[in-house]
$ cat upload_14.cif   # mmCIF, C-alpha atoms
data_query
#
loop_
_atom_site.group_PDB
_atom_site.id
_atom_site.type_symbol
_atom_site.label_atom_id
_atom_site.label_comp_id
_atom_site.auth_asym_id
_atom_site.auth_seq_id
_atom_site.Cartn_x
_atom_site.Cartn_y
_atom_site.Cartn_z
ATOM 1 C CA MET B 1 23.769 14.891 36.447
ATOM 2 C CA VAL B 2 23.494 12.332 33.652
ATOM 3 C CA LEU B 3 20.104 11.253 34.983
ATOM 4 C CA ASN B 4 18.830 14.811 34.623
ATOM 5 C CA SER B 5 20.034 14.906 31.009
ATOM 6 C CA TYR B 6 18.219 11.660 30.188
ATOM 7 C CA ARG B 7 15.106 12.856 31.978
ATOM 8 C CA GLU B 8 15.191 16.146 30.075
ATOM 9 C CA LEU B 9 15.642 14.279 26.790
ATOM 10 C CA TYR B 10 12.735 11.950 27.613
ATOM 11 C CA ASN B 11 10.497 14.868 28.581
ATOM 12 C CA SER B 12 11.384 16.702 25.381
ATOM 13 C CA ILE B 13 10.663 13.663 23.194
ATOM 14 C CA TYR B 14 7.402 12.906 25.023
ATOM 15 C CA SER B 15 6.301 16.534 24.742
ATOM 16 C CA ASN B 16 6.980 16.589 20.986
ATOM 17 C CA LEU B 17 5.212 13.262 20.466
ATOM 18 C CA SER B 18 2.171 14.588 22.324
ATOM 19 C CA THR B 19 2.247 17.708 20.141
ATOM 20 C CA PHE B 20 2.332 15.595 16.953
ATOM 21 C CA ARG B 21 -0.584 13.472 18.137
ATOM 22 C CA ASP B 22 -2.559 16.582 19.094
ATOM 23 C CA GLU B 23 -1.868 18.080 15.663
ATOM 24 C CA ALA B 24 -2.862 14.796 13.998
ATOM 25 C CA SER B 25 -6.169 14.648 15.876
ATOM 26 C CA GLU B 26 -7.182 17.957 14.259
ATOM 27 C CA ILE B 27 -6.688 16.718 10.667
ATOM 28 C CA LYS B 28 -10.107 15.798 9.292
ATOM 29 C CA SER B 29 -9.022 14.833 5.768
ATOM 30 C CA GLU B 30 -8.926 11.048 5.432
ATOM 31 C CA ASN B 31 -5.910 11.286 3.100
ATOM 32 C CA GLU B 32 -3.718 13.526 5.259
ATOM 33 C CA GLY B 33 -2.039 12.983 8.602
ATOM 34 C CA VAL B 34 1.069 13.305 10.744
ATOM 35 C CA VAL B 35 3.860 10.724 10.925
ATOM 36 C CA VAL B 36 3.901 9.707 14.606
ATOM 37 C CA LYS B 37 6.328 6.783 14.574
ATOM 38 C CA ILE B 38 9.044 5.394 12.300
ATOM 39 C CA LYS B 39 10.998 2.167 12.735
ATOM 40 C CA ASP B 40 13.583 0.562 10.431
ATOM 41 C CA THR B 41 11.219 -0.515 7.632
ATOM 42 C CA TYR B 42 7.801 0.836 8.614
ATOM 43 C CA GLY B 43 5.952 3.619 10.392
ATOM 44 C CA PHE B 44 2.570 4.942 11.483
ATOM 45 C CA ILE B 45 0.463 7.947 10.514
ATOM 46 C CA SER B 46 -2.327 9.459 12.618
ATOM 47 C CA ASN B 47 -5.182 11.836 11.882
ATOM 48 C CA ALA B 48 -8.623 12.505 13.413
ATOM 49 C CA LYS B 49 -9.986 9.132 12.250
ATOM 50 C CA HIS B 50 -6.856 7.024 12.699
ATOM 51 C CA THR B 51 -5.475 7.737 16.168
ATOM 52 C CA ASN B 52 -3.061 6.025 18.583
ATOM 53 C CA LYS B 53 -4.161 2.369 18.555
ATOM 54 C CA ASN B 54 -5.521 2.383 15.008
ATOM 55 C CA ALA B 55 -2.890 4.607 13.381
ATOM 56 C CA LEU B 56 -2.257 3.835 9.723
ATOM 57 C CA PHE B 57 0.610 1.451 9.028
ATOM 58 C CA PHE B 58 2.981 2.252 6.187
ATOM 59 C CA SER B 59 6.011 0.532 4.738
ATOM 60 C CA LYS B 60 8.967 2.829 4.154
ATOM 61 C CA ASN B 61 8.910 1.504 0.565
ATOM 62 C CA ASN B 62 5.613 3.405 0.159
ATOM 63 C CA ALA B 63 7.054 6.726 1.346
ATOM 64 C CA TYR B 64 9.190 9.165 -0.565
ATOM 65 C CA GLU B 65 12.558 10.045 0.962
ATOM 66 C CA GLY B 66 12.779 12.653 3.659
ATOM 67 C CA ILE B 67 9.755 11.616 5.741
ATOM 68 C CA SER B 68 10.310 12.141 9.488
ATOM 69 C CA VAL B 69 8.278 11.935 12.684
ATOM 70 C CA GLY B 70 6.203 15.099 12.939
ATOM 71 C CA ASP B 71 5.873 15.626 9.179
ATOM 72 C CA ARG B 72 2.429 16.343 7.804
ATOM 73 C CA VAL B 73 1.850 14.029 4.847
ATOM 74 C CA SER B 74 -0.694 13.097 2.196
ATOM 75 C CA PHE B 75 -1.285 9.503 1.148
ATOM 76 C CA LYS B 76 -3.627 7.007 -0.485
ATOM 77 C CA LEU B 77 -5.413 4.388 1.586
ATOM 78 C CA TYR B 78 -5.289 0.710 0.691
ATOM 79 C CA LEU B 79 -6.473 -2.529 2.251
ATOM 80 C CA THR B 80 -3.882 -4.904 3.710
ATOM 81 C CA PRO B 81 -4.500 -8.368 5.195
ATOM 82 C CA LYS B 82 -4.236 -6.712 8.633
ATOM 83 C CA GLY B 83 -6.376 -3.635 7.915
ATOM 84 C CA ILE B 84 -6.076 -0.257 6.246
ATOM 85 C CA GLY B 85 -2.631 1.060 5.320
ATOM 86 C CA ALA B 86 -1.132 4.145 3.710
ATOM 87 C CA LYS B 87 0.845 4.273 0.453
ATOM 88 C CA ASN B 88 2.145 6.907 -1.984
ATOM 89 C CA ILE B 89 3.101 9.018 1.022
ATOM 90 C CA THR B 90 4.398 12.511 0.303
ATOM 91 C CA LYS B 91 5.451 15.246 2.682
ATOM 92 C CA LEU B 92 3.236 18.319 2.475
ATOM 93 C CA LYS B 93 4.934 21.658 2.058
ATOM 94 C CA LYS B 94 3.946 24.571 4.305
ATOM 95 C CA ASN B 95 2.048 26.266 1.458
ATOM 96 C CA ASP B 96 0.061 23.029 0.831
ATOM 97 C CA LEU B 97 -1.476 23.165 4.330
#

$ encode --input "upload_14.cif" --output "structure tokens"
Amino acid sequence: MVLNSYRELYNSIYSNLSTFRDEASEIKSENEGVVVKIKDTYGFISNAKHTNKNALFFSKNNAYEGISVGDRVSFKLYLTPKGIGAKNITKLKKNDL
């Protein structure tokens, strides 16, 4: 019974993650995307240009509070020693889309 609950949870999370990545792949604006992953101090944003393996890195210091996985965001690009990153990240409101 517990195994089924974990499997259902995994399937739900995987399904939502796939939905976020699909949504991100449709965003053509270079300065907009979807938050696809967040860890303790950093995260990743995807859009049509920056997908799975080359998603944009961001430090949580560069994001305003309230950013969650699945949020559509706007940001400014900047160059880091490891590549392109995102900063000044703000969550887009429904009427901004």

$ closest_atom_pairs --input "upload_14.cif" --of "range 67-95 of chain B" --to "range 34-52 of chain B" --cutoff "9 Å" --atoms "all atoms listed in the file" --output "tab-separated table"
residue	atom	partner	partner_atom	distance
B:Ile67	CA	B:Val35	CA	7.9
B:Ser68	CA	B:Val35	CA	6.8
B:Val69	CA	B:Val35	CA	4.9
B:Gly70	CA	B:Val35	CA	5.4
B:Asp71	CA	B:Val34	CA	5.6
B:Arg72	CA	B:Val34	CA	4.4
B:Val73	CA	B:Val34	CA	6.0
B:Ser74	CA	B:Val34	CA	8.7
B:Gly85	CA	B:Phe44	CA	9.0
B:Ala86	CA	B:Ile45	CA	8.0

$ write_last_selection --input "upload_14.cif" --atoms "C-alpha atoms" --output "CSV table (one decimal), keeping the file's coordinate frame"
chain,number,residue,atom,x,y,z
B,67,ILE,CA,9.8,11.6,5.7
B,68,SER,CA,10.3,12.1,9.5
B,69,VAL,CA,8.3,11.9,12.7
B,70,GLY,CA,6.2,15.1,12.9
B,71,ASP,CA,5.9,15.6,9.2
B,72,ARG,CA,2.4,16.3,7.8
B,73,VAL,CA,1.8,14.0,4.8
B,74,SER,CA,-0.7,13.1,2.2
B,85,GLY,CA,-2.6,1.1,5.3
B,86,ALA,CA,-1.1,4.1,3.7

$ closest_residue --input "upload_14.cif" --among "B:Lys82, B:Lys28, B:Lys87, B:Lys76" --to "Phe58 in chain B" --atoms "all atoms listed in the file"
B:Lys87

$ atom_distance --input "upload_14.cif" --atom1 "CA of Pro81 in chain B" --atom2 "CA of Ala24 in chain B"
24.8 Å

$ resolve_selection --input "upload_14.cif" --expression "the PyMOL selection byres ((chain B and resi 63) around 6)" --output "list in words"
Lys60, Asn61, Asn62, Tyr64, Asn88 and Ile89 of chain B

$ axis_aligned_box --input "upload_14.cif" --around "range 77-85 of chain B" --padding-each-side "4 Å" --output "AutoDock Vina command-line options"
--center_x -4.6 --center_y -2.0 --center_z 4.7 --size_x 11.8 --size_y 20.8 --size_z 15.9

$ atom_distance --input "upload_14.cif" --atom1 "CA of Leu92 in chain B" --atom2 "CA of Glu32 in chain B"
8.9 Å

$ closest_residue --input "upload_14.cif" --among "B:Ile84, B:Gly66, B:Lys91, B:Glu30" --to "Asn54 in chain B" --atoms "only C-alpha atoms"
B:Ile84

$ atom_distance --input "upload_14.cif" --atom1 "CA of Phe75 in chain B" --atom2 "CA of Asn31 in chain B"
5.3 Å

$ closest_residue --input "upload_14.cif" --among "B:Glu65, B:Gly83, B:Lys93, B:Leu77" --to "Ser29 in chain B" --atoms "all atoms listed in the file"
B:Leu77
